[in-house]
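Asks: The file below is target_13.txt, compact mmCIF, C-alpha atoms:
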```txt
# COMPACT_ATOMS: atom_id res chain seq x y z
CA MET A 968 168.36 -153.22 -108.52
CA PRO A 969 170.24 -151.43 -105.70
CA ASP A 970 167.62 -149.72 -103.60
CA GLN A 971 167.77 -146.77 -101.22
CA ASP A 972 166.79 -149.22 -98.52
CA ALA A 973 169.67 -151.59 -97.72
CA LEU A 974 167.31 -154.52 -97.47
CA GLY A 975 165.57 -153.58 -100.71
CA GLY A 976 162.10 -152.18 -101.18
CA PRO A 977 158.86 -154.15 -101.00
CA PRO A 978 158.16 -156.33 -104.04
CA PRO A 979 155.90 -154.88 -106.73
CA GLU A 980 152.28 -156.01 -106.93
CA PRO A 981 151.96 -159.21 -108.94
CA THR A 982 150.92 -158.12 -112.42
CA SER A 983 149.35 -161.35 -113.63
CA ALA A 984 149.08 -165.00 -112.69
CA THR A 985 152.05 -165.99 -114.80
CA ALA A 986 152.62 -169.72 -115.05
CA ASP A 987 156.36 -169.66 -114.95
CA THR A 988 158.34 -172.34 -113.17
CA ALA A 989 161.33 -170.03 -112.68
CA ARG A 990 159.45 -167.25 -110.84
CA GLY A 991 159.16 -166.69 -107.12
CA PRO A 992 159.90 -169.85 -105.09
CA GLY A 993 160.68 -171.55 -108.39
CA ARG A 994 163.75 -169.36 -108.72
CA VAL A 995 165.07 -170.77 -105.44
CA LEU A 996 164.37 -174.30 -106.67
CA VAL A 997 166.33 -173.64 -109.86
CA ALA A 998 169.21 -172.24 -107.77
CA VAL A 999 169.37 -175.37 -105.58
CA TYR A 1000 169.07 -177.64 -108.62
CA GLY A 1001 171.85 -175.65 -110.27
CA VAL A 1002 174.16 -176.19 -107.30
CA PHE A 1003 173.46 -179.94 -107.38
CA ALA A 1004 173.92 -180.10 -111.15
CA LEU A 1005 177.32 -178.47 -110.63
CA ALA A 1006 178.35 -180.65 -107.68
CA ALA A 1007 177.11 -183.94 -109.16
CA GLY A 1008 178.48 -183.06 -112.59
CA ALA A 1009 181.96 -182.25 -111.32
CA ARG A 1010 182.03 -185.37 -109.18
CA ALA A 1011 180.83 -187.65 -111.97
CA ALA A 1012 183.26 -186.18 -114.50
CA VAL A 1013 186.22 -186.78 -112.19
CA GLN A 1014 185.09 -190.28 -111.21
CA LEU A 1015 184.51 -191.39 -114.80
CA ALA A 1016 187.73 -189.87 -116.08
CA VAL A 1017 190.13 -190.85 -113.30
CA GLN A 1018 188.91 -193.91 -111.43
CA PHE A 1019 186.19 -195.57 -113.50
CA ASP A 1020 187.50 -199.11 -112.91
CA GLU A 1021 187.19 -198.88 -109.13
CA ALA A 1022 183.39 -198.89 -108.96
CA PRO A 1023 181.75 -198.63 -112.40
CA LEU A 1024 178.18 -199.00 -111.07
CA ALA A 1025 178.46 -196.21 -108.49
CA TYR A 1026 180.18 -193.92 -110.98
CA LEU A 1027 177.63 -194.54 -113.72
CA LEU A 1028 174.94 -193.71 -111.18
CA SER A 1029 176.77 -190.49 -110.32
CA ALA A 1030 176.76 -189.62 -114.02
CA LEU A 1031 173.04 -190.44 -114.32
CA ALA A 1032 172.32 -188.25 -111.27
CA ALA A 1033 174.29 -185.41 -112.81
CA VAL A 1034 172.36 -185.67 -116.09
CA VAL A 1035 169.05 -185.71 -114.20
CA TYR A 1036 169.99 -182.61 -112.17
CA VAL A 1037 171.05 -180.74 -115.30
CA ALA A 1038 167.80 -181.69 -117.07
CA ALA A 1039 165.68 -180.61 -114.09
CA THR A 1040 167.56 -177.30 -113.82
CA ILE A 1041 167.08 -176.54 -117.51
CA GLY A 1042 163.42 -177.65 -117.53
CA LEU A 1043 162.52 -175.52 -114.51
CA ALA A 1044 164.50 -172.52 -115.75
CA ARG A 1045 162.89 -172.62 -119.21
CA GLY A 1046 159.35 -173.22 -118.02
CA GLY A 1047 156.42 -173.41 -120.42
CA ARG A 1048 154.77 -176.68 -121.44
CA GLY A 1049 157.98 -178.27 -122.75
CA GLY A 1050 160.10 -177.14 -119.81
CA ARG A 1051 157.54 -178.45 -117.34
CA ARG A 1052 157.46 -181.83 -119.07
CA THR A 1053 161.28 -182.09 -119.06
CA ALA A 1054 161.38 -181.14 -115.39
CA LEU A 1055 158.58 -183.57 -114.54
CA VAL A 1056 160.43 -186.52 -116.09
CA ALA A 1057 163.69 -185.45 -114.43
CA CYS A 1058 162.10 -185.09 -110.98
CA ALA A 1059 160.33 -188.46 -111.31
CA VAL A 1060 163.57 -190.24 -112.31
CA GLU A 1061 165.35 -188.42 -109.50
CA LEU A 1062 162.82 -189.50 -106.88
CA ALA A 1063 162.91 -193.10 -108.12
CA GLY A 1064 166.71 -192.96 -108.20
CA VAL A 1065 167.16 -191.62 -104.69
CA LEU A 1066 164.70 -194.18 -103.28
CA VAL A 1067 166.14 -197.20 -105.16
CA VAL A 1068 169.81 -196.28 -104.71
CA GLY A 1069 169.20 -195.21 -101.12
CA THR A 1070 167.60 -198.54 -100.28
CA LEU A 1071 170.19 -200.62 -102.16
CA SER A 1072 173.12 -198.73 -100.63
CA LEU A 1073 171.82 -199.55 -97.14
CA ALA A 1074 170.90 -203.15 -98.00
CA ASP A 1075 174.12 -203.98 -99.85
CA PRO A 1076 176.89 -201.49 -98.92
CA ALA A 1077 179.47 -203.65 -100.71
CA ALA A 1078 177.94 -202.76 -104.08
CA PHE A 1079 178.55 -199.07 -103.34
CA PRO A 1080 182.14 -198.80 -102.10
CA ASP A 1081 182.27 -195.14 -103.08
CA ASP A 1082 179.34 -192.86 -102.31
CA THR A 1083 177.03 -191.39 -104.92
CA VAL A 1084 174.79 -188.36 -104.31
CA TRP A 1085 171.89 -190.76 -103.78
CA SER A 1086 173.60 -193.18 -101.34
CA GLY A 1087 171.80 -193.43 -97.99
CA TYR A 1088 168.93 -191.34 -99.41
CA GLY A 1089 171.30 -188.41 -99.94
CA GLN A 1090 172.66 -188.55 -96.39
CA GLY A 1091 176.02 -187.05 -97.41
CA TYR A 1092 174.21 -184.00 -98.77
CA GLY A 1093 171.92 -183.29 -95.82
CA PHE A 1094 169.08 -185.36 -97.35
CA ILE A 1095 168.52 -182.52 -99.83
CA PRO A 1096 168.58 -185.04 -102.74
CA LEU A 1097 165.52 -186.68 -101.14
CA ALA A 1098 163.60 -183.44 -100.51
CA LEU A 1099 164.42 -181.80 -103.83
CA PRO A 1100 162.37 -184.04 -106.21
CA VAL A 1101 159.37 -183.93 -103.85
CA LEU A 1102 159.46 -180.11 -103.76
CA GLY A 1103 160.03 -180.07 -107.53
CA LEU A 1104 157.00 -182.29 -108.22
CA LEU A 1105 154.77 -180.23 -105.89
CA TRP A 1106 155.90 -177.01 -107.54
CA LEU A 1107 155.33 -178.46 -111.03
CA ARG A 1108 151.82 -179.62 -110.07
CA HIS A 1109 151.03 -176.15 -108.76
CA GLN A 1110 152.34 -174.54 -111.94
CA SER A 1111 150.34 -176.92 -114.15
CA GLU A 1112 147.17 -175.99 -112.26
CA VAL A 1113 147.91 -172.29 -112.74
CA ALA A 1114 148.49 -172.91 -116.46
CA ASP A 1115 145.25 -174.92 -116.75
CA ARG A 1116 143.24 -172.20 -115.04
CA ARG A 1117 144.54 -169.69 -117.57
CA GLY A 1118 143.40 -172.07 -120.31
CA MET B 359 194.61 -172.87 -98.48
CA SER B 360 194.46 -170.49 -95.56
CA THR B 361 192.24 -171.63 -92.69
CA PRO B 362 191.68 -168.07 -91.35
CA LEU B 363 190.49 -167.04 -94.82
CA VAL B 364 188.16 -170.05 -94.96
CA VAL B 365 186.74 -169.09 -91.55
CA ALA B 366 186.31 -165.43 -92.57
CA ALA B 367 184.63 -166.37 -95.86
CA THR B 368 182.36 -168.85 -94.06
CA VAL B 369 181.26 -166.15 -91.60
CA VAL B 370 180.45 -163.77 -94.46
CA ALA B 371 178.71 -166.52 -96.46
CA VAL B 372 176.51 -167.55 -93.52
CA ALA B 373 175.74 -163.88 -92.74
CA LEU B 374 174.72 -163.47 -96.38
CA ALA B 375 172.43 -166.50 -96.11
CA VAL B 376 170.81 -165.04 -92.97
CA LEU B 377 170.41 -161.66 -94.68
CA GLY B 378 168.85 -163.32 -97.73
CA GLY B 379 166.45 -165.33 -95.59
CA LEU B 380 165.57 -162.17 -93.67
CA SER B 381 164.64 -160.19 -96.76
CA THR B 382 162.43 -163.10 -97.89
CA ALA B 383 160.79 -163.28 -94.46
CA LEU B 384 160.21 -159.51 -94.50
CA ARG B 385 158.81 -159.74 -98.05
CA ARG B 386 161.48 -157.49 -99.51
CA ARG B 387 163.64 -157.54 -102.58
CA ILE B 388 167.43 -157.58 -102.42
CA GLY B 389 169.26 -154.28 -101.92
CA THR B 390 172.68 -152.77 -101.33
CA ALA B 391 173.32 -154.88 -98.22
CA HIS B 392 173.10 -158.08 -100.29
CA LEU B 393 175.26 -156.54 -102.98
CA ALA B 394 177.91 -155.53 -100.42
CA GLY B 395 177.78 -159.02 -98.84
CA VAL B 396 178.34 -160.75 -102.17
CA GLY B 397 181.15 -158.29 -102.99
CA LEU B 398 182.95 -158.94 -99.70
CA LEU B 399 182.50 -162.71 -100.04
CA GLU B 400 183.83 -162.61 -103.60
CA LEU B 401 186.86 -160.62 -102.44
CA LEU B 402 187.67 -163.23 -99.77
CA LEU B 403 187.16 -166.10 -102.23
CA VAL B 404 189.47 -164.56 -104.83
CA ALA B 405 192.09 -163.94 -102.14
CA GLN B 406 191.71 -167.56 -101.06
CA ALA B 407 192.10 -168.78 -104.65
CA VAL B 408 195.27 -166.69 -105.10
CA VAL B 409 196.79 -167.99 -101.84
CA THR B 410 195.91 -171.54 -102.93
CA VAL B 411 197.38 -171.21 -106.42
CA VAL B 412 200.58 -169.74 -104.96
CA ALA B 413 200.87 -172.67 -102.53
CA MET B 414 200.30 -175.12 -105.38
CA ALA B 415 202.98 -173.40 -107.45
CA GLY B 416 205.19 -173.90 -104.38
CA GLY B 417 204.64 -177.65 -104.59
CA HIS B 418 201.56 -178.44 -102.47
CA ARG B 419 199.47 -181.06 -104.31
CA PRO B 420 196.07 -182.24 -103.00
CA ALA B 421 195.58 -185.96 -103.63
CA GLU B 422 192.31 -185.46 -105.53
CA LEU B 423 193.69 -182.73 -107.72
CA ALA B 424 190.94 -182.70 -110.40
CA THR B 425 188.09 -182.52 -107.88
CA PHE B 426 189.94 -179.87 -105.90
CA LEU B 427 190.45 -177.63 -108.93
CA ALA B 428 186.83 -178.07 -110.08
CA TYR B 429 185.60 -177.00 -106.64
CA LEU B 430 188.07 -174.13 -106.42
CA VAL B 431 186.83 -172.62 -109.68
CA SER B 432 183.16 -173.31 -108.84
CA VAL B 433 183.32 -171.70 -105.41
CA VAL B 434 184.68 -168.45 -106.88
CA LEU B 435 181.94 -168.34 -109.54
CA LEU B 436 179.03 -169.30 -107.28
CA PRO B 437 178.29 -165.94 -105.56
CA VAL B 438 178.39 -164.17 -108.93
CA ALA B 439 176.04 -166.72 -110.49
CA GLY B 440 173.70 -166.49 -107.49
CA LEU B 441 173.59 -162.70 -107.65
CA LEU B 442 172.92 -162.70 -111.41
CA TRP B 443 170.14 -165.25 -110.96
CA ALA B 444 168.66 -163.26 -108.06
CA ARG B 445 168.74 -159.78 -109.55
CA THR B 446 166.28 -160.60 -112.34
CA GLU B 447 163.78 -161.87 -109.74
CA PRO B 448 161.44 -159.02 -108.73
CA THR B 449 159.90 -160.79 -105.72
CA ARG B 450 161.00 -161.48 -102.15
CA TRP B 451 162.43 -164.86 -103.23
CA ALA B 452 165.53 -163.14 -104.64
CA GLY B 453 166.95 -163.01 -101.09
CA THR B 454 166.63 -166.77 -100.66
CA VAL B 455 168.48 -167.33 -103.95
CA VAL B 456 171.42 -165.26 -102.64
CA GLY B 457 171.17 -167.21 -99.38
CA VAL B 458 171.37 -170.56 -101.19
CA ALA B 459 174.53 -169.40 -102.96
CA GLY B 460 176.00 -168.34 -99.59
CA LEU B 461 175.27 -171.70 -97.94
CA ALA B 462 176.62 -173.62 -100.92
CA VAL B 463 179.85 -171.58 -100.74
CA ALA B 464 180.19 -172.29 -96.99
CA VAL B 465 179.79 -176.05 -97.51
CA MET B 466 182.14 -176.16 -100.50
CA LEU B 467 184.86 -174.21 -98.66
CA TRP B 468 185.11 -176.81 -95.91
CA ARG B 469 185.02 -179.64 -98.44
CA LEU B 470 187.88 -177.86 -100.24
CA LEU B 471 189.85 -177.59 -97.02
CA ASP B 472 189.36 -181.35 -96.43
CA LEU B 473 190.66 -182.09 -99.93
CA TRP B 474 193.55 -179.67 -99.44
CA GLU B 475 194.83 -181.37 -96.33
CA VAL B 476 194.99 -184.82 -97.93
CA THR B 477 198.11 -184.80 -100.08
CA GLY B 478 199.43 -187.55 -102.30
CA ALA B 479 202.74 -189.30 -101.84
```
Please render this file's structure as structure tokens.

Replies:
Amino acid sequence: MPDQDALGGPPPEPTSATADTARGPGRVLVAVYGVFALAAGARAAVQLAVQFDEAPLAYLLSALAAVVYVAATIGLARGGRGGRRTALVACAVELAGVLVVGTLSLADPAAFPDDTVWSGYGQGYGFIPLALPVLGLLWLRHQSEVADRRG
Amino acid sequence: MSTPLVVAATVVAVALAVLGGLSTALRRRIGTAHLAGVGLLELLLVAQAVVTVVAMAGGHRPAELATFLAYLVSVVLLPVAGLLWARTEPTRWAGTVVGVAGLAVAVMLWRLLDLWEVTGA
């Protein structure tokens, strides 16, 4: 991989229209999902293990978010028909989750004493939790079209 | 934790993110500059982890100990994971992957410092 040029050489010509969700921009998407799977997973594990009684609803939601991020990461990284389906379900649940939890957390802050990744539409995480499922769904639609065209 | 080390690592991490974005914008793959950036960042992060562990052995206890330790381990592994994930990508997007890892490290470092400064009774 190290190139003579410090910034790396130009990319090779695309060899074929490969329908792979973990190629090109998809690789960036998997990286971001991976970071969120890690962050949400660590947070949920600690909350459930150490302070579950304080806010069971918020902590169960954290755990659900973590599972969804892990599923989306794996689905996108694996690709193929099965991987795309896994990722599609995960992204859809994620979008629904961030919208429902975001709305509820603003409408009834008392129910969410401790923040989850999805509180305030992902405000605490630079609104990335809101943008991520939308980008994921767009990318998956694009990849499905590429796969369909190949037959 | 050492604040100067956090600042130094943040500077390197953000520079790495800029470099990664640049190679994507210029439609290039990653090269030795990215490799050197990740190496330097990793060096600073390991030094930070050692300083932190020594301070903890000396009796400093962050209040949210479990979260703190999870983040401390994750932040050291992140640049390596990012580089491994980027190096198998033959297109210009490899640079952005390295950049994402850099930004994530920068954010996590300051979160770690927050956790570090809140100590239990």

Asks: With a distance cut-off of 9 Å and only C-alpha atoms, select the neighbouring residues of Arg1052 of chain A, excluding the residue or stretch itself and same-chain residues fewer than 5 positions from it, and output the selection as an mmCIF file with C-alpha atoms, in the coordinates of the input.

Replies:
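What follows is the written file result-v3.cif:
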```
data_model
loop_
_atom_site.group_PDB
_atom_site.id
_atom_site.type_symbol
_atom_site.label_atom_id
_atom_site.label_comp_id
_atom_site.auth_asym_id
_atom_site.auth_seq_id
_atom_site.Cartn_x
_atom_site.Cartn_y
_atom_site.Cartn_z
ATOM 1 C CA GLY A 1042 163.420 -177.650 -117.530
ATOM 2 C CA GLY A 1046 159.350 -173.220 -118.020
ATOM 3 C CA GLY A 1047 156.420 -173.410 -120.420
ATOM 4 C CA ALA A 1057 163.690 -185.450 -114.430
ATOM 5 C CA LEU A 1107 155.330 -178.460 -111.030
#
```

Asks: Residues of chain A within 12 Å of chain B, counting all atoms listed in the file - could you list those as number ranges by chain?

Replies: A: 968-982, 987, 989-1018, 1044, 1091-1093

Asks: How far is it from atom CA of Cys1058 of chain A to atom CA of Pro1100 of chain A, in Å with one decimal?

Replies: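 If I compute the distance from atom CA of Cys1058 of chain A to atom CA of Pro1100 of chain A, I get 4.9 Å.
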
Asks: Taking all atoms of segment 438-457 of chain B that appear in the file, build a box with edges along x, y and z, extend it by 4 Å on every side, and state its centre and edge lengths in Å to one decimal, as JSON.

Replies:
```
{"center_x": 169.1, "center_y": -163.2, "center_z": -105.9, "size_x": 26.5, "size_y": 16.3, "size_z": 21.0}
```

Asks: Using all atoms listed in the file, pick whichever of A:Leu1066, A:Ala1039, A:Leu1105, A:Thr988 has the shortest atom-to-atom distance to Ala1054 of chain A.

Replies: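 Checking each candidate against Ala1054 of chain A, we get A:Ala1039 as the closest.
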
Asks: Record the distance separating atom CA of Leu430 of chain B and atom CA of Val1068 of chain A, expressed in Å with one decimal.

Replies: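 According to the coordinates, atom CA of Leu430 of chain B and atom CA of Val1068 of chain A are separated by 28.8 Å.
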
Asks: Find the spatial neighbours of Leu398 of chain B, counting all atoms listed in the file, within a cut-off of 9 Å - ignore same-chain residues fewer than 5 positions away - and output them as a count of residues only.

Replies: 4

Asks: Given the point (167.0, -188.3, -102.3) in the coordinates of this file, which residues lie within 7 Å, counting all atoms listed in the file, and how would they look as a ChimeraX atom specification?

Replies: /A:1062,1065-1066,1085,1088-1089,1094-1098

Asks: Excluding Trp468 of chain B and any residue of its chain fewer than 5 positions from it, enumerate the residues within 10 Å of it, using all atoms listed in the file, and give them as a PyMOL selection string.

Replies: chain B and resi 361+364-365+368+463+473-474

Asks: My list of candidates is A:Ala1022, A:Leu1027, A:Ala1032, A:Leu1071. Which is closest to Ala1059 of chain A when distances are computed with all atoms listed in the file?

Replies: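 Using all atoms listed in the file, Ala1059 of chain A sits closest to A:Ala1032.
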
Asks: One number please: atom CA of Ser1086 of chain A to atom CA of Ser1072 of chain A, in Å, one decimal.

Replies: 5.6 Å
